[in-house]
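Printed here is query_14.cif (mmCIF, C-alpha atoms):
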data_upload
#
loop_
_atom_site.label_atom_id
_atom_site.label_comp_id
_atom_site.auth_asym_id
_atom_site.auth_seq_id
_atom_site.Cartn_x
_atom_site.Cartn_y
_atom_site.Cartn_z
CA MET S 716 128.58 65.95 105.09
CA SER S 717 131.61 65.35 107.26
CA THR S 718 131.66 62.01 109.06
CA GLU S 719 132.94 63.96 112.09
CA THR S 720 129.61 65.73 112.50
CA PRO S 721 128.04 64.63 115.82
CA LEU S 722 125.08 62.28 115.60
CA LEU S 723 122.24 63.07 118.01
CA THR S 724 120.51 59.84 118.99
CA SER S 725 119.29 60.33 122.56
CA LEU S 726 115.98 62.04 123.32
CA ARG S 727 117.51 62.92 126.70
CA SER S 728 120.43 64.80 125.21
CA PRO S 729 120.69 68.29 126.76
CA ARG S 730 120.50 69.79 123.25
CA VAL S 731 117.33 67.87 122.45
CA VAL S 732 115.69 68.63 125.79
CA ALA S 733 116.51 72.34 125.50
CA ALA S 734 115.19 72.49 121.93
CA ARG S 735 111.97 70.69 122.82
CA ARG S 736 111.28 73.17 125.64
CA LEU S 737 111.11 75.95 123.06
CA ALA S 738 107.60 74.77 122.23
CA LYS S 739 106.55 76.89 125.24
CA ARG S 740 106.43 80.67 124.91
CA ASN S 741 107.87 81.37 128.35
CA GLN S 742 110.88 79.20 127.59
CA ARG S 743 111.40 80.91 124.23
CA SER S 744 111.28 84.27 125.96
CA LYS S 745 113.69 83.13 128.67
CA ASP S 746 116.23 81.66 126.23
CA ARG S 747 115.52 84.21 123.45
CA ARG S 748 115.66 81.31 121.01
CA PHE S 749 113.19 79.60 118.70
CA LEU S 750 113.03 76.83 116.10
CA ALA S 751 112.63 77.18 112.34
CA GLU S 752 111.36 73.87 110.93
CA GLY S 753 111.53 72.57 107.39
CA PRO S 754 113.80 73.20 104.41
CA GLN S 755 112.30 76.54 103.33
CA ALA S 756 112.53 78.08 106.79
CA VAL S 757 116.05 76.76 107.37
CA ARG S 758 117.18 77.90 103.92
CA GLU S 759 115.99 81.46 104.60
CA ALA S 760 117.36 81.43 108.14
CA VAL S 761 120.81 80.48 106.88
CA ALA S 762 120.72 82.95 103.99
CA PHE S 763 119.08 85.95 105.64
CA GLY S 764 118.91 85.39 109.40
CA ARG S 765 120.74 88.22 111.11
CA LEU S 766 120.28 89.99 114.42
CA PRO S 767 119.92 93.79 114.28
CA GLY S 768 123.61 94.02 115.25
CA GLY S 769 124.69 91.76 112.38
CA GLU S 770 125.32 88.51 114.29
CA HIS S 771 124.00 85.40 112.57
CA ALA S 772 120.63 84.29 113.90
CA VAL S 773 121.24 80.56 113.48
CA VAL S 774 122.90 78.82 116.43
CA GLU S 775 123.02 75.37 114.83
CA VAL S 776 121.19 73.14 112.38
CA TYR S 777 119.83 69.65 113.12
CA VAL S 778 119.27 67.34 110.15
CA THR S 779 118.72 63.66 109.45
CA ARG S 780 121.17 61.96 107.09
CA GLU S 781 118.43 61.50 104.50
CA ALA S 782 117.40 65.18 104.68
CA ALA S 783 121.06 66.23 104.49
CA GLU S 784 121.35 64.43 101.17
CA ARG S 785 118.02 65.73 99.92
CA HIS S 786 118.85 69.33 100.88
CA ALA S 787 122.58 69.28 100.34
CA GLU S 788 122.60 72.92 99.20
CA ILE S 789 121.20 74.07 102.55
CA VAL S 790 123.79 72.07 104.46
CA ALA S 791 126.54 73.45 102.22
CA SER S 792 125.31 77.02 102.77
CA ALA S 793 125.28 76.49 106.54
CA HIS S 794 128.85 75.18 106.45
CA ALA S 795 129.88 78.14 104.30
CA GLU S 796 128.48 80.48 106.96
CA GLY S 797 130.46 78.63 109.62
CA LEU S 798 127.31 77.28 111.28
CA PRO S 799 127.35 73.96 113.17
CA VAL S 800 125.36 71.22 111.43
CA LEU S 801 124.52 68.19 113.57
CA THR S 802 123.05 65.00 112.18
CA ALA S 803 120.20 63.50 114.15
CA THR S 804 117.94 60.49 114.03
CA GLU S 805 114.38 60.83 112.77
CA GLU S 806 113.19 60.20 116.35
CA VAL S 807 115.21 63.16 117.64
CA ILE S 808 113.90 65.47 114.91
CA ALA S 809 110.34 64.31 115.66
CA GLU S 810 110.89 65.06 119.36
CA ILE S 811 112.11 68.58 118.60
CA CYS S 812 109.56 69.53 115.95
CA ASP S 813 106.03 70.81 116.43
CA THR S 814 104.74 69.27 113.19
CA VAL S 815 103.14 65.83 112.91
CA THR S 816 105.30 64.92 109.90
CA PRO S 817 108.69 66.66 110.23
CA GLN S 818 110.77 67.23 107.11
CA GLY S 819 114.06 66.24 108.70
CA ILE S 820 115.74 69.62 109.13
CA VAL S 821 115.46 72.24 111.87
CA ALA S 822 117.42 75.39 112.73
CA LEU S 823 117.87 76.63 116.29
CA CYS S 824 117.79 80.42 116.04
CA ARG S 825 118.27 83.48 118.22
CA PHE S 826 115.47 86.03 118.47
CA ILE S 827 115.73 88.46 115.57
CA ASP S 828 113.11 91.13 116.32
CA THR S 829 114.14 94.74 115.82
CA PRO S 830 113.69 97.44 118.51
CA PHE S 831 110.81 99.75 117.62
CA ASP S 832 113.14 102.76 117.83
CA GLN S 833 115.26 101.20 115.10
CA VAL S 834 112.21 100.57 112.93
CA LEU S 835 111.25 104.24 113.21
CA ALA S 836 114.82 105.40 112.57
CA SER S 837 114.74 103.63 109.19
CA ARG S 838 112.00 106.08 108.07
CA PRO S 839 109.55 103.35 106.98
CA LYS S 840 107.09 104.04 104.19
CA LEU S 841 104.86 100.97 104.57
CA VAL S 842 104.22 99.21 107.87
CA ALA S 843 101.78 96.50 108.99
CA VAL S 844 100.68 96.78 112.63
CA LEU S 845 99.10 93.66 114.15
CA ALA S 846 96.88 94.73 117.03
CA HIS S 847 95.15 92.00 119.08
CA VAL S 848 95.99 89.33 116.47
CA ARG S 849 95.92 86.04 118.39
CA ASP S 850 96.12 83.35 115.72
CA PRO S 851 99.74 82.39 114.97
CA GLY S 852 98.89 81.21 111.46
CA ASN S 853 97.39 84.58 110.61
CA ALA S 854 100.34 86.45 112.12
CA GLY S 855 102.81 84.43 110.09
CA THR S 856 100.76 84.86 106.92
CA VAL S 857 100.61 88.64 107.37
CA LEU S 858 104.39 88.67 107.84
CA ARG S 859 104.71 86.77 104.55
CA THR S 860 102.27 89.14 102.84
CA ALA S 861 104.04 92.23 104.12
CA ASP S 862 107.33 90.82 102.85
CA ALA S 863 105.83 90.12 99.42
CA ALA S 864 104.28 93.61 99.22
CA GLY S 865 107.64 95.21 99.97
CA ALA S 866 106.67 96.59 103.37
CA ASP S 867 109.47 98.08 105.45
CA ALA S 868 108.44 96.56 108.78
CA VAL S 869 105.81 94.75 110.80
CA VAL S 870 104.86 95.71 114.36
CA LEU S 871 103.22 93.17 116.67
CA THR S 872 101.58 94.87 119.63
CA ASP S 873 101.80 93.59 123.18
CA ALA S 874 98.30 92.11 122.82
CA SER S 875 99.24 90.00 119.79
CA VAL S 876 100.54 86.48 119.39
CA ASP S 877 104.20 85.54 119.72
CA PRO S 878 105.75 85.63 116.21
CA TYR S 879 108.15 82.87 117.31
CA ASN S 880 105.28 80.45 117.87
CA PRO S 881 106.08 77.40 115.68
CA LYS S 882 102.87 77.85 113.68
CA ALA S 883 103.65 81.53 113.05
CA VAL S 884 107.19 80.71 111.94
CA ARG S 885 105.90 78.04 109.53
CA ALA S 886 103.17 80.32 108.17
CA SER S 887 105.72 83.05 107.43
CA VAL S 888 107.49 80.58 105.07
CA GLY S 889 110.85 82.20 105.76
CA SER S 890 109.66 85.83 105.56
CA LEU S 891 110.33 86.14 109.28
CA PHE S 892 114.00 86.43 108.28
CA HIS S 893 113.44 88.95 105.47
CA LEU S 894 112.03 92.12 107.00
CA PRO S 895 112.33 93.92 110.34
CA PHE S 896 109.61 93.32 112.90
CA ALA S 897 109.11 94.78 116.35
CA THR S 898 107.25 93.04 119.17
CA GLY S 899 105.55 93.94 122.43
CA VAL S 900 104.71 97.55 121.52
CA PRO S 901 101.48 98.94 123.03
CA VAL S 902 99.15 99.87 120.19
CA GLU S 903 98.77 103.43 121.52
CA GLU S 904 102.54 103.91 121.43
CA ALA S 905 102.88 102.32 118.00
CA VAL S 906 100.27 104.61 116.45
CA ALA S 907 101.49 107.79 118.18
CA ARG S 908 105.12 107.29 117.30
CA LEU S 909 104.43 106.27 113.71
CA ARG S 910 102.41 109.43 113.28
CA GLU S 911 105.24 111.48 114.82
CA ALA S 912 107.54 109.91 112.22
CA GLY S 913 105.34 111.24 109.43
CA VAL S 914 103.48 107.99 108.73
CA ARG S 915 99.74 108.15 108.10
CA VAL S 916 97.95 105.51 110.18
CA LEU S 917 94.97 103.67 108.70
CA ALA S 918 92.84 101.20 110.62
CA ALA S 919 91.53 98.40 108.40
CA ASP S 920 88.01 97.65 109.59
CA GLY S 921 84.64 96.83 108.06
CA ALA S 922 83.11 99.69 110.06
CA GLY S 923 85.17 102.30 108.19
CA GLN S 924 83.43 105.38 106.76
CA ARG S 925 85.88 105.44 103.86
CA ASP S 926 86.69 102.54 101.59
CA LEU S 927 89.88 101.46 99.89
CA ASP S 928 88.63 102.50 96.44
CA GLN S 929 88.20 106.09 97.68
CA GLU S 930 91.71 106.11 99.08
CA LEU S 931 93.11 104.91 95.76
CA ASP S 932 90.99 107.25 93.64
CA GLU S 933 91.96 110.29 95.71
CA GLY S 934 95.67 109.44 95.78
CA THR S 935 95.86 109.41 99.56
CA LEU S 936 97.84 106.16 99.70
CA GLU S 937 100.89 107.57 97.92
CA GLY S 938 102.63 108.74 101.09
CA PRO S 939 104.12 106.78 104.02
CA CYS S 940 101.41 104.59 105.52
CA ALA S 941 100.84 102.12 108.36
CA TRP S 942 97.90 99.72 108.28
CA VAL S 943 96.51 98.51 111.60
CA PHE S 944 94.90 95.07 111.47
CA GLY S 945 92.79 93.64 114.27
CA ASN S 946 91.61 90.39 115.77
CA GLU S 947 90.43 87.62 113.44
CA ALA S 948 87.00 87.28 115.08
CA TRP S 949 86.03 90.75 116.25
CA GLY S 950 88.24 93.15 114.34
CA LEU S 951 89.48 96.36 115.96
CA PRO S 952 87.92 97.73 119.14
CA GLU S 953 86.53 101.26 119.01
CA GLU S 954 89.36 102.67 121.13
CA THR S 955 91.93 101.36 118.65
CA ARG S 956 90.00 102.64 115.63
CA ALA S 957 89.87 106.05 117.30
CA LEU S 958 93.67 106.23 117.34
CA ALA S 959 93.99 106.08 113.55
CA ASP S 960 93.93 108.95 111.07
CA GLU S 961 91.23 107.10 109.11
CA VAL S 962 89.23 103.89 109.41
CA VAL S 963 89.14 102.24 105.99
CA ARG S 964 87.06 99.29 104.86
CA VAL S 965 87.82 96.95 101.98
CA PRO S 966 84.82 97.23 99.64
CA ILE S 967 82.83 94.05 99.11
CA HIS S 968 81.59 94.08 95.52
CA GLY S 969 80.03 90.64 95.64
CA HIS S 970 77.93 88.84 98.22
CA ALA S 971 80.68 87.70 100.62
CA GLU S 972 80.04 88.69 104.23
CA SER S 973 83.64 89.76 104.80
CA LEU S 974 87.30 88.96 104.14
CA ASN S 975 89.52 87.09 106.55
CA LEU S 976 92.42 88.90 108.18
CA ALA S 977 95.20 87.67 105.91
CA THR S 978 93.25 88.43 102.73
CA ALA S 979 92.28 91.91 103.90
CA ALA S 980 95.91 92.59 104.83
CA ALA S 981 97.07 91.51 101.37
CA VAL S 982 94.55 93.78 99.64
CA CYS S 983 95.45 96.81 101.77
CA LEU S 984 99.22 96.38 101.70
CA TYR S 985 99.32 95.82 97.95
CA ALA S 986 97.07 98.85 97.37
CA SER S 987 99.54 101.02 99.30
CA ALA S 988 102.55 99.41 97.62
CA ARG S 989 101.08 100.13 94.17
CA ALA S 990 100.20 103.73 95.04
CA GLN S 991 103.63 104.41 96.56
CA ARG S 992 105.31 103.18 93.38
CA SER S 993 103.21 105.39 91.14
CA PRO S 994 104.87 108.48 89.58
CA GLY S 995 103.61 110.66 92.42
CA GLY S 996 104.18 108.17 95.20
CA CYS S 997 106.81 108.25 97.94
CA ARG S 998 108.71 105.42 96.22
CA GLY S 999 108.14 106.71 92.70
CA THR S 1000 110.96 107.83 90.44
CA ALA S 1001 109.27 110.84 88.88
#
Represent the structure from my file as structure tokens, please.
Amino acid sequence: MSTETPLLTSLRSPRVVAARRLAKRNQRSKDRRFLAEGPQAVREAVAFGRLPGGEHAVVEVYVTREAAERHAEIVASAHAEGLPVLTATEEVIAEICDTVTPQGIVALCRFIDTPFDQVLASRPKLVAVLAHVRDPGNAGTVLRTADAAGADAVVLTDASVDPYNPKAVRASVGSLFHLPFATGVPVEEAVARLREAGVRVLAADGAGQRDLDQELDEGTLEGPCAWVFGNEAWGLPEETRALADEVVRVPIHGHAESLNLATAAAVCLYASARAQRSPGGCRGTA
């Protein structure tokens, strides 16, 4: 690392104060900026973080000297992208970070959500819709799961948690930078417009009359599909279930009472991904 790189030492530095304020949602919304903590998040932010218009998402990277040596490839990638990298003391990084034991590297990023119109214009075939999801860890995990399953987008309704919450960003493990996601969309609008775009909308809920095995056996998951997932504690309200084309439950073959949100999302998204890649599916080659 260049010896000319500024060294942040003061907790009262305007940069440090501004970064620390991003712990609050209203400040994140006002500045349209958030923090990505830890080497994995920063690595993905540097490699994949782009705004819908193509501008790089990363404003600058803060790193301790020890972390810069330990993660030299991340620092080199940031420099190659023309991104400012500022060294900082461990105290400064601890002040900025939300974690109890910071890993010495943080990226200050611009908001990267995609307008819902743009999501629809991409003709998505697999979408996860988070309706009334309040836990940031669950939201981030579903983002990660949707990314792994090859989903085209995630939609967080206006009643759901902020995806830029530090816990949500950490739980996404970098997937936040991999796939488009829209925020603040009323669930009624999300469902109606997805259906208008030719996407079948399925509500994942234990009260469903149909189960996932039926959907797979009958080949009804082969076309474009959006799964709507509800609150961790009480699932989807009746009015939201009524919006969907079908309410589908994940079958419980053992004695477990239910599945948690993230696990249910993984099962449903992977079922659709597998069906869509079958010979007759919308992503199939035959």
Next on the checklist: If the PyMOL selection byres ((chain S and resi 978) around 12) were run on this exact file, what residues would it hold? Put them as a PyMOL selection string.
Outcome noted: chain S and resi 853-854+856-857+859-861+919+944+947+965+973-977+979-985
Checklist entry - What is the distance, in Å and to one decimal place, between atom CA of S:Ile811 and atom CA of S:Arg735? => result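 A separation of 4.7 Å between them.
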Which polymer residues have any atom within 9 Å of an atom of S:Val888, counting all atoms listed in the file, with same-chain residues fewer than 3 positions away left out, as an mmCIF file with C-alpha atoms, in the coordinates of the input?
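What ended up in result39.cif:
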data_model
loop_
_atom_site.group_PDB
_atom_site.id
_atom_site.type_symbol
_atom_site.label_atom_id
_atom_site.label_comp_id
_atom_site.auth_asym_id
_atom_site.auth_seq_id
_atom_site.Cartn_x
_atom_site.Cartn_y
_atom_site.Cartn_z
ATOM 1 C CA GLN S 755 112.300 76.540 103.330
ATOM 2 C CA ALA S 756 112.530 78.080 106.790
ATOM 3 C CA GLU S 759 115.990 81.460 104.600
ATOM 4 C CA GLY S 855 102.810 84.430 110.090
ATOM 5 C CA THR S 856 100.760 84.860 106.920
ATOM 6 C CA ARG S 859 104.710 86.770 104.550
ATOM 7 C CA ALA S 883 103.650 81.530 113.050
ATOM 8 C CA VAL S 884 107.190 80.710 111.940
ATOM 9 C CA ARG S 885 105.900 78.040 109.530
ATOM 10 C CA LEU S 891 110.330 86.140 109.280
#
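Taking atom CA of S:Cys824 and atom CA of S:Ala772 as endpoints, the distance between them is 5.3 Å.
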Item to check | Residues matched by the PyMOL selection byres ((chain S and resi 945) around 6), written as a PyMOL selection string | outcome: chain S and resi 846-848+944+946+950-951
For the residues in the current selection, export C-alpha atoms as a short mmCIF file (atom, residue, chain, number, x, y, z; two decimals), in the frame of the given file.
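So out19.cif came out as:
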data_model
loop_
_atom_site.label_atom_id
_atom_site.label_comp_id
_atom_site.auth_asym_id
_atom_site.auth_seq_id
_atom_site.Cartn_x
_atom_site.Cartn_y
_atom_site.Cartn_z
CA ALA S 846 96.88 94.73 117.03
CA HIS S 847 95.15 92.00 119.08
CA VAL S 848 95.99 89.33 116.47
CA PHE S 944 94.90 95.07 111.47
CA ASN S 946 91.61 90.39 115.77
CA GLY S 950 88.24 93.15 114.34
CA LEU S 951 89.48 96.36 115.96
#
Checklist entry - Skipping near chain neighbours, those fewer than 3 positions away, what residues fall within 10 Å of S:Asp928 using all atoms listed in the file, listed as a PyMOL selection string? => result chain S and resi 925+931-934+963-966+986
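Among S:Glu770, S:Asp926, S:Glu805, S:Glu903, the residue with the shortest atom-to-atom distance to S:Leu722, counting all atoms listed in the file, is S:Glu805.
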Taking the file as I've supplied it (selection: the PyMOL selection byres ((chain S and resi 868-876) around 8)), which residues are included? Please answer as a tab-separated table (two decimals) with C-alpha atoms, keeping the file's coordinate frame.
chain	number	residue	atom	x	y	z
S	831	PHE	CA	110.81	99.75	117.62
S	834	VAL	CA	112.21	100.57	112.93
S	839	PRO	CA	109.55	103.35	106.98
S	841	LEU	CA	104.86	100.97	104.57
S	842	VAL	CA	104.22	99.21	107.87
S	843	ALA	CA	101.78	96.50	108.99
S	844	VAL	CA	100.68	96.78	112.63
S	845	LEU	CA	99.10	93.66	114.15
S	846	ALA	CA	96.88	94.73	117.03
S	847	HIS	CA	95.15	92.00	119.08
S	848	VAL	CA	95.99	89.33	116.47
S	849	ARG	CA	95.92	86.04	118.39
S	850	ASP	CA	96.12	83.35	115.72
S	851	PRO	CA	99.74	82.39	114.97
S	854	ALA	CA	100.34	86.45	112.12
S	858	LEU	CA	104.39	88.67	107.84
S	861	ALA	CA	104.04	92.23	104.12
S	866	ALA	CA	106.67	96.59	103.37
S	867	ASP	CA	109.47	98.08	105.45
S	877	ASP	CA	104.20	85.54	119.72
S	878	PRO	CA	105.75	85.63	116.21
S	880	ASN	CA	105.28	80.45	117.87
S	894	LEU	CA	112.03	92.12	107.00
S	895	PRO	CA	112.33	93.92	110.34
S	896	PHE	CA	109.61	93.32	112.90
S	897	ALA	CA	109.11	94.78	116.35
S	898	THR	CA	107.25	93.04	119.17
S	899	GLY	CA	105.55	93.94	122.43
S	900	VAL	CA	104.71	97.55	121.52
S	901	PRO	CA	101.48	98.94	123.03
S	902	VAL	CA	99.15	99.87	120.19
S	905	ALA	CA	102.88	102.32	118.00
Checklist entry - Pick the closest to S:Leu801 from S:Lys745, S:Arg730, S:Arg740, S:Arg915: which is it, counting only C-alpha atoms? => result S:Arg730
Checklist entry - Which residue gives the smallest distance to S:Ala795 among S:Ala751, S:Ala922, S:Ala762, S:Val774, with only C-alpha atoms counted? => result S:Ala762
Checklist entry - Suppose you want the space between atom CA of S:Phe763 and atom CA of S:Ser792; what is it in Å? => result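 Here the two named atoms are 11.3 Å from each other.
Compared by their closest atoms to S:Ala990, and using all atoms listed in the file, the residues S:Arg825, S:Lys840, S:His786, S:Arg748 rank with S:Lys840 nearest.
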Next on the checklist: Env of S:Asp813: 9 Å cut, atoms = all atoms listed in the file, seq-sep filter 3 positions within chain, self excluded. Answer as a PyMOL selection string.
Outcome noted: chain S and resi 735+738+752+809-810+816-817+881-882
Checklist entry - Skipping near chain neighbours, those fewer than 2 positions away, what residues fall within 8 Å of S:Ile789 using all atoms listed in the file, listed as a ChimeraX atom specification? => result /S:754,757-758,761,786-787,791-793
Checklist entry - Given the choices S:Ser890, S:Ser725, S:Gln833, S:Gln742, which gets closest to S:Gly764 if the distance is worked out from all atoms listed in the file? => result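 Of the candidates, the smallest distance to S:Gly764 is held by S:Ser890.
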Checklist entry - Which is closer to S:Val732 than all the others in S:Arg765, S:Gly797, S:Val914, S:Val807, using only C-alpha atoms? => result S:Val807
